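Novice: Starting off with a structure, shown below.
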Amino acid sequence: MNSVKEVGITVNKKDSFSEWYTQVVLKAGLADYSPIKGFIVLRPYGFSLWESIISILDSRFKETGHQNGYLPGLIPESLLAREKDHFEGFTPEVFWVTKAGNKNLSEKLALRPTSETLAYSIFSKWVSSYRDLPIRMNYWNTALRAEIKATKPFIRTSEFLWQEGHTVHATEQEAEKEVMLILGLYQKTIKEFLAIPTIMGFKSNKEKFVGAKYTTSLEGLMADGKALQMGTSHHLGQNFSKPFEIKYLGKDSREHFAWQTSWGVSWRLIGALIMVHGDDKGLIIPPKIAPIQVVIVPIFKDKNALIVKAKAKEILQSLKNAGLRVHLDDRDEYTSGWKFNEWEIRGVPLRINLGPKDIEKSQVELVRRDTGEKSFVNISGLKDNIILFLDKIQDQLLNRATKFLNENITRISNYDILKSMLGKKGGFFLSGWCESQICETKIKDETGADIRIIPFDGQEESESTVCIYCREPAKKMAIFAHAY
Ligand SMILES: [Zn+2]
């Protein structure tokens, strides 16, 4: 058997963030590498986290009037090429199928990098009158994009799990409303369940989705100071409805092109959860999203094994009955020390230690994963106490992450200072920007930092400041940062 040290995380988060991240992914049993470079294999624990995310988002999509469907994974080249910017943007990343068995195909087929073109060729058949609108579809599927940059499990892989929403509306305003509805839904869900605060805003024209009129996004700050795009919601205008001929006969008996949106979040959210909440011992999963919220570890020797295990099962059942997600680890082959270590790596929010002495006193020991704090709780009031503790942990994780985000947003109006700070520390830097792509590109070339987001809030500040690069009057306040 391996020693506890070997299965534990052997580097700390602060000093070796990247290695720490990889060890957490592998040792917590979330994912493994696959035989193909850039692809990962989801293990049951990782998949159950994704299932939690699906179940929460899916119910919210349905509550807001969306329906699920499924689309094929292959897209003919002619369809992918129909919107020019979209095609040019995606071409460098597309995997192509050129053969079916031994026969060469007459037309290349793309392995879906995203479904706009395929979905819209179908939608054009479904829409002919204003009565057919709106269409509000969601697809839970995968996307394949050949990653040239260094890959990282959940953050950058050549195939990823995600959902993509696609909608068609009669008016521009309706599409705009949809874009904001989804962005708000994403932000609220990510905050409430994943305990991660994000900043809402627009992407710059340079960074927007290829083919979109504009892109709105949620930007999160990871513990190493790098930004992570957590979700996007695009207003497509009529950029796709025109080439795909999604037209409807209006109440005015005239033909109109429709207005569209698309939006998505991916398993990147799992990567964010690891990076934001994890610590030197491993993962810390917020209770609301945790596949296992409470783990019971009975502590026994041969002579009292039966009694302790029986009591542990009793507790397991009562907590399950209360609707909690509980796991009993009564394996004989592992010591309790080993089990403590394993459940800490896997980030289960609350652990119950139960030994013979506890049974005598009719109590259990509760151990919080986020703070390590231990307390004894009477078995009679256990369920209520656990619910209370889980709520506290959920709040504590969000508070911690919010404090970190707020402390790492720096206002800067001097370019030299921005440059030197970007070289020393991470975080978000809020500065005035003249909206010129020349300044944006120069800053990127000289510092490696992008405009991550043009926040919705606080834009009035731009009226009294200048562009951090060219010193012309600012038109926008933008957040610059290094990013994943
Ligand atoms: Zn400028």
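Convention: chains lettered A, B, ... in structure tokens order; per-chain residue numbering from 1; ligands numbered from 1 as shown.
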Which residues are near ligand 1 - at most 7 Å, using only C-alpha atoms and all ligand atoms? Format: as a count of residues only.
Specialist: 11
Novice: Give me, as a list in words, all polymer residues having an atom no more than 6 Å from range 222-225 of chain A, counting only C-alpha atoms and skipping those fewer than 3 positions away in the same chain.
Specialist: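 Counting only the stated atoms, we get Met275, Val276, Gly426 and Gly427 of chain A.
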Novice: Output all heavy atoms for every residue in that selection, as an mmCIF file, in the first residue's frame.
Specialist:
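What ended up in part_36.cif:
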```cif
data_model
loop_
_atom_site.group_PDB
_atom_site.id
_atom_site.type_symbol
_atom_site.label_atom_id
_atom_site.label_comp_id
_atom_site.auth_asym_id
_atom_site.auth_seq_id
_atom_site.Cartn_x
_atom_site.Cartn_y
_atom_site.Cartn_z
ATOM 1 N N MET A 275 -9.577 25.774 -8.914
ATOM 2 C CA MET A 275 -8.584 26.838 -8.751
ATOM 3 C C MET A 275 -8.990 27.865 -7.696
ATOM 4 O O MET A 275 -8.154 28.392 -6.993
ATOM 5 C CB MET A 275 -8.332 27.528 -10.093
ATOM 6 C CG MET A 275 -7.640 26.609 -11.081
ATOM 7 S SD MET A 275 -6.824 27.485 -12.416
ATOM 8 C CE MET A 275 -8.125 27.658 -13.555
ATOM 9 N N VAL A 276 -10.290 28.144 -7.614
ATOM 10 C CA VAL A 276 -10.746 29.181 -6.682
ATOM 11 C C VAL A 276 -10.765 28.654 -5.244
ATOM 12 O O VAL A 276 -10.287 29.313 -4.328
ATOM 13 C CB VAL A 276 -12.138 29.716 -7.081
ATOM 14 C CG1 VAL A 276 -12.747 30.568 -5.969
ATOM 15 C CG2 VAL A 276 -12.034 30.526 -8.375
ATOM 16 N N GLY A 426 -0.560 39.059 -10.311
ATOM 17 C CA GLY A 426 -1.737 38.866 -11.148
ATOM 18 C C GLY A 426 -2.849 39.792 -10.701
ATOM 19 O O GLY A 426 -2.617 40.778 -10.011
ATOM 20 N N GLY A 427 -4.040 39.459 -11.127
ATOM 21 C CA GLY A 427 -5.202 40.244 -10.714
ATOM 22 C C GLY A 427 -5.788 41.020 -11.868
ATOM 23 O O GLY A 427 -5.307 40.956 -13.008
#
```
Novice: I want to know what sits within 7 Å of range 257-265 of chain A, based on only C-alpha atoms, with residues of the same chain fewer than 4 positions away left out; could you give that as a list of chain:residue names?
Specialist: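 The residues that qualify are A:Trp162, A:Gln163, A:Glu164, A:Gly165, A:His166, A:Thr167, A:Val168, A:His169, A:Ala170, A:Thr171, A:Glu172, A:Ala175, A:Val179, A:Met230, A:Gly231, A:Thr232, A:Ser233, A:His234, A:His235, A:Leu236, A:Gly237, A:Gln238, A:Ser241, A:Lys242, A:Ile246, A:Lys247, A:Tyr248.
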Novice: Taking N, CA and C atoms for each residue, export the selection above as an mmCIF file, in the first residue's frame.
Specialist:
```
data_model
loop_
_atom_site.group_PDB
_atom_site.id
_atom_site.type_symbol
_atom_site.label_atom_id
_atom_site.label_comp_id
_atom_site.auth_asym_id
_atom_site.auth_seq_id
_atom_site.Cartn_x
_atom_site.Cartn_y
_atom_site.Cartn_z
ATOM 1 N N TRP A 162 -20.002 20.683 -22.838
ATOM 2 C CA TRP A 162 -20.589 21.995 -22.604
ATOM 3 C C TRP A 162 -22.066 21.961 -22.919
ATOM 4 N N GLN A 163 -22.709 23.076 -22.778
ATOM 5 C CA GLN A 163 -24.046 23.257 -23.312
ATOM 6 C C GLN A 163 -23.965 24.459 -24.223
ATOM 7 N N GLU A 164 -24.695 24.404 -25.329
ATOM 8 C CA GLU A 164 -24.791 25.577 -26.191
ATOM 9 C C GLU A 164 -26.264 25.883 -26.430
ATOM 10 N N GLY A 165 -26.620 27.111 -26.149
ATOM 11 C CA GLY A 165 -27.982 27.548 -26.372
ATOM 12 C C GLY A 165 -28.048 28.314 -27.684
ATOM 13 N N HIS A 166 -29.144 28.142 -28.423
ATOM 14 C CA HIS A 166 -29.330 28.852 -29.693
ATOM 15 C C HIS A 166 -30.769 29.330 -29.774
ATOM 16 N N THR A 167 -30.936 30.617 -29.989
ATOM 17 C CA THR A 167 -32.304 31.128 -30.034
ATOM 18 C C THR A 167 -32.539 31.999 -31.269
ATOM 19 N N VAL A 168 -33.800 32.075 -31.661
ATOM 20 C CA VAL A 168 -34.221 32.885 -32.806
ATOM 21 C C VAL A 168 -35.396 33.751 -32.370
ATOM 22 N N HIS A 169 -35.325 35.032 -32.671
ATOM 23 C CA HIS A 169 -36.359 35.975 -32.231
ATOM 24 C C HIS A 169 -36.831 36.866 -33.379
ATOM 25 N N ALA A 170 -38.005 37.452 -33.155
ATOM 26 C CA ALA A 170 -38.573 38.317 -34.187
ATOM 27 C C ALA A 170 -37.899 39.693 -34.197
ATOM 28 N N THR A 171 -37.473 40.148 -33.021
ATOM 29 C CA THR A 171 -36.919 41.502 -32.972
ATOM 30 C C THR A 171 -35.539 41.528 -32.317
ATOM 31 N N GLU A 172 -34.833 42.602 -32.597
ATOM 32 C CA GLU A 172 -33.502 42.803 -32.034
ATOM 33 C C GLU A 172 -33.575 42.903 -30.510
ATOM 34 N N ALA A 175 -33.962 39.581 -28.773
ATOM 35 C CA ALA A 175 -32.688 38.858 -28.739
ATOM 36 C C ALA A 175 -31.789 39.447 -27.657
ATOM 37 N N VAL A 179 -30.061 37.582 -24.417
ATOM 38 C CA VAL A 179 -28.626 37.609 -24.095
ATOM 39 C C VAL A 179 -28.419 37.924 -22.618
ATOM 40 N N MET A 230 -15.777 32.480 -17.792
ATOM 41 C CA MET A 230 -16.591 31.421 -17.184
ATOM 42 C C MET A 230 -17.858 31.112 -17.977
ATOM 43 N N GLY A 231 -18.267 32.051 -18.815
ATOM 44 C CA GLY A 231 -19.475 31.807 -19.593
ATOM 45 C C GLY A 231 -19.659 32.965 -20.558
ATOM 46 N N THR A 232 -20.273 32.696 -21.713
ATOM 47 C CA THR A 232 -20.495 33.779 -22.672
ATOM 48 C C THR A 232 -21.913 33.711 -23.225
ATOM 49 N N SER A 233 -22.418 34.877 -23.586
ATOM 50 C CA SER A 233 -23.746 34.979 -24.177
ATOM 51 C C SER A 233 -23.639 35.997 -25.322
ATOM 52 N N HIS A 234 -23.897 35.525 -26.541
ATOM 53 C CA HIS A 234 -23.646 36.353 -27.721
ATOM 54 C C HIS A 234 -24.922 36.863 -28.371
ATOM 55 N N HIS A 235 -24.898 38.131 -28.768
ATOM 56 C CA HIS A 235 -25.945 38.660 -29.644
ATOM 57 C C HIS A 235 -25.433 38.494 -31.069
ATOM 58 N N LEU A 236 -26.133 37.677 -31.852
ATOM 59 C CA LEU A 236 -25.626 37.396 -33.199
ATOM 60 C C LEU A 236 -26.195 38.360 -34.227
ATOM 61 N N GLY A 237 -27.088 39.250 -33.778
ATOM 62 C CA GLY A 237 -27.716 40.167 -34.722
ATOM 63 C C GLY A 237 -28.410 39.381 -35.814
ATOM 64 N N GLN A 238 -28.205 39.834 -37.079
ATOM 65 C CA GLN A 238 -28.730 39.083 -38.233
ATOM 66 C C GLN A 238 -27.574 38.477 -39.025
ATOM 67 N N SER A 241 -28.646 34.885 -39.576
ATOM 68 C CA SER A 241 -29.976 34.678 -40.170
ATOM 69 C C SER A 241 -29.970 35.041 -41.656
ATOM 70 N N LYS A 242 -29.122 36.014 -42.054
ATOM 71 C CA LYS A 242 -29.060 36.380 -43.485
ATOM 72 C C LYS A 242 -28.435 35.269 -44.330
ATOM 73 N N ILE A 246 -32.862 32.607 -42.351
ATOM 74 C CA ILE A 246 -33.900 32.409 -41.327
ATOM 75 C C ILE A 246 -34.804 33.633 -41.398
ATOM 76 N N LYS A 247 -35.911 33.475 -42.152
ATOM 77 C CA LYS A 247 -36.813 34.596 -42.434
ATOM 78 C C LYS A 247 -38.211 34.243 -41.969
ATOM 79 N N TYR A 248 -38.945 35.275 -41.608
ATOM 80 C CA TYR A 248 -40.339 35.010 -41.228
ATOM 81 C C TYR A 248 -41.259 36.082 -41.817
#
```
Novice: May I have the residues within 8 Å of range 85-101 of chain A as a ChimeraX atom specification, using only C-alpha atoms and disregarding those fewer than 5 positions away in the same chain?
Specialist: /A:80,107-113,144-147,210-211
Novice: Considering only helix (DSSP H, G or I) as DSSP defines it on the backbone, what residues of range 118-208 of chain A qualify? List them as an NGL selection string.
Specialist: :A and (118-126 or 130-132 or 172-194)
Novice: Counting only C-alpha atoms, what is within 10 Å of Asp457 in chain A, bar same-chain residues fewer than 6 positions away, as a count of residues only?
Specialist: 4
Novice: When distances are computed from only C-alpha atoms, which of A:Ser462, A:Ser34, A:Ser121, A:Asn239 shows the smallest separation from Ser158 in chain A?
Specialist: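 Looking only at the distances to Ser158 in chain A, the closest residue turns out to be A:Ser34.
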Novice: Based on the backbone DSSP call, show me all residues of range 138-234 of chain A assigned strand (DSSP E), as a PyMOL selection string.
Specialist: chain A and resi 138-144+159-169+199-202+214-221+227-234
Novice: Quick one: residues within 10 Å of Ile196 in chain A, only C-alpha atoms counted, chain neighbours fewer than 3 positions away excluded, as a list in words?
Specialist: Gln187, Lys188, Thr189, Ile190, Lys191, Glu192, Phe193, Gly220, Leu221, Met222, Met230, Leu269, Ala272, Leu273, Val276, His277, Pro286, Leu397, Leu398, Asn399, Arg400, Ala401, Thr402 and Leu405 of chain A
Novice: Using only C-alpha atoms, which of the listed residues (A:Lys320, A:Lys208, A:Arg268, A:Lys303) sits closest to Ile454 in chain A?
Specialist: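 So, comparing all the options, the nearest one is A:Lys208.
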Novice: Using only C-alpha atoms, which residues sit within 7 Å of range 356-367 of chain A once same-chain residues fewer than 4 positions away are excluded, as a PyMOL selection string?
Specialist: chain A and resi 308+350-352+372-379
Novice: Can I get the selection written as a PDB file, in the first residue's frame, with C-alpha atoms?
Specialist:
```
ATOM      1  CA  VAL A 308     -19.607   1.189  15.236  1.00  0.00           C
ATOM      2  CA  LEU A 350     -18.121  17.912   5.952  1.00  0.00           C
ATOM      3  CA  ARG A 351     -16.796  14.733   7.592  1.00  0.00           C
ATOM      4  CA  ILE A 352     -18.343  12.797  10.457  1.00  0.00           C
ATOM      5  CA  GLY A 372     -10.403  22.201   9.448  1.00  0.00           C
ATOM      6  CA  GLU A 373     -12.505  23.179  12.480  1.00  0.00           C
ATOM      7  CA  LYS A 374     -13.732  20.274  14.618  1.00  0.00           C
ATOM      8  CA  SER A 375     -16.730  20.122  16.907  1.00  0.00           C
ATOM      9  CA  PHE A 376     -18.742  17.519  18.798  1.00  0.00           C
ATOM     10  CA  VAL A 377     -22.436  17.364  18.057  1.00  0.00           C
ATOM     11  CA  ASN A 378     -25.141  15.335  19.757  1.00  0.00           C
ATOM     12  CA  ILE A 379     -26.602  12.642  17.499  1.00  0.00           C
TER      13      ILE A 379
END
```
Novice: Please measure the separation of CA of Pro298 in chain A and CA of Phe47 in chain A, giving the value in Å to one decimal.
Specialist: 26.8 Å
Novice: Give me, please, the distance in Å between CA of Leu354 in chain A and CA of Ser52 in chain A, quoted to one decimal.
Specialist: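 So the two atoms, CA of Leu354 in chain A and CA of Ser52 in chain A, lie 28.2 Å apart.
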Novice: Looking at A:Ala227, A:Arg411, A:Asp329, A:Thr441, which one is nearest to Tyr484 in chain A, with distances taken over only C-alpha atoms?
Specialist: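 Going through A:Ala227, A:Arg411, A:Asp329, A:Thr441 one by one, the smallest distance to Tyr484 in chain A is for A:Ala227.
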Novice: Between A:Glu63, A:Glu83, A:Glu461, A:Glu342, which residue has the minimum interatomic distance to Leu118 in chain A, considering only C-alpha atoms?
Specialist: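 The shortest atom-to-atom distance to Leu118 in chain A comes from A:Glu83.
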Novice: Give me, please, the distance in Å between CA of Trp338 in chain A and CA of Gly46 in chain A, quoted to one decimal.
Specialist: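 Atom-to-atom, CA of Trp338 in chain A and CA of Gly46 in chain A are spaced 20.9 Å apart.
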Novice: For each of A:Phe340, A:Trp140, A:Phe429, A:Phe300, take the minimum atom-to-atom distance to Asp58 in chain A, counting only C-alpha atoms, then give the residue where this is smallest.
Specialist: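 Using only C-alpha atoms, Asp58 in chain A sits closest to A:Trp140.
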Novice: So, with only C-alpha atoms as the atoms that count, which of A:Met180, A:Lys313, A:Glu255, A:Thr151 lies closest to Ile36 in chain A?
Specialist: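 Residue with the minimum atom-to-atom distance to Ile36 in chain A: A:Thr151.
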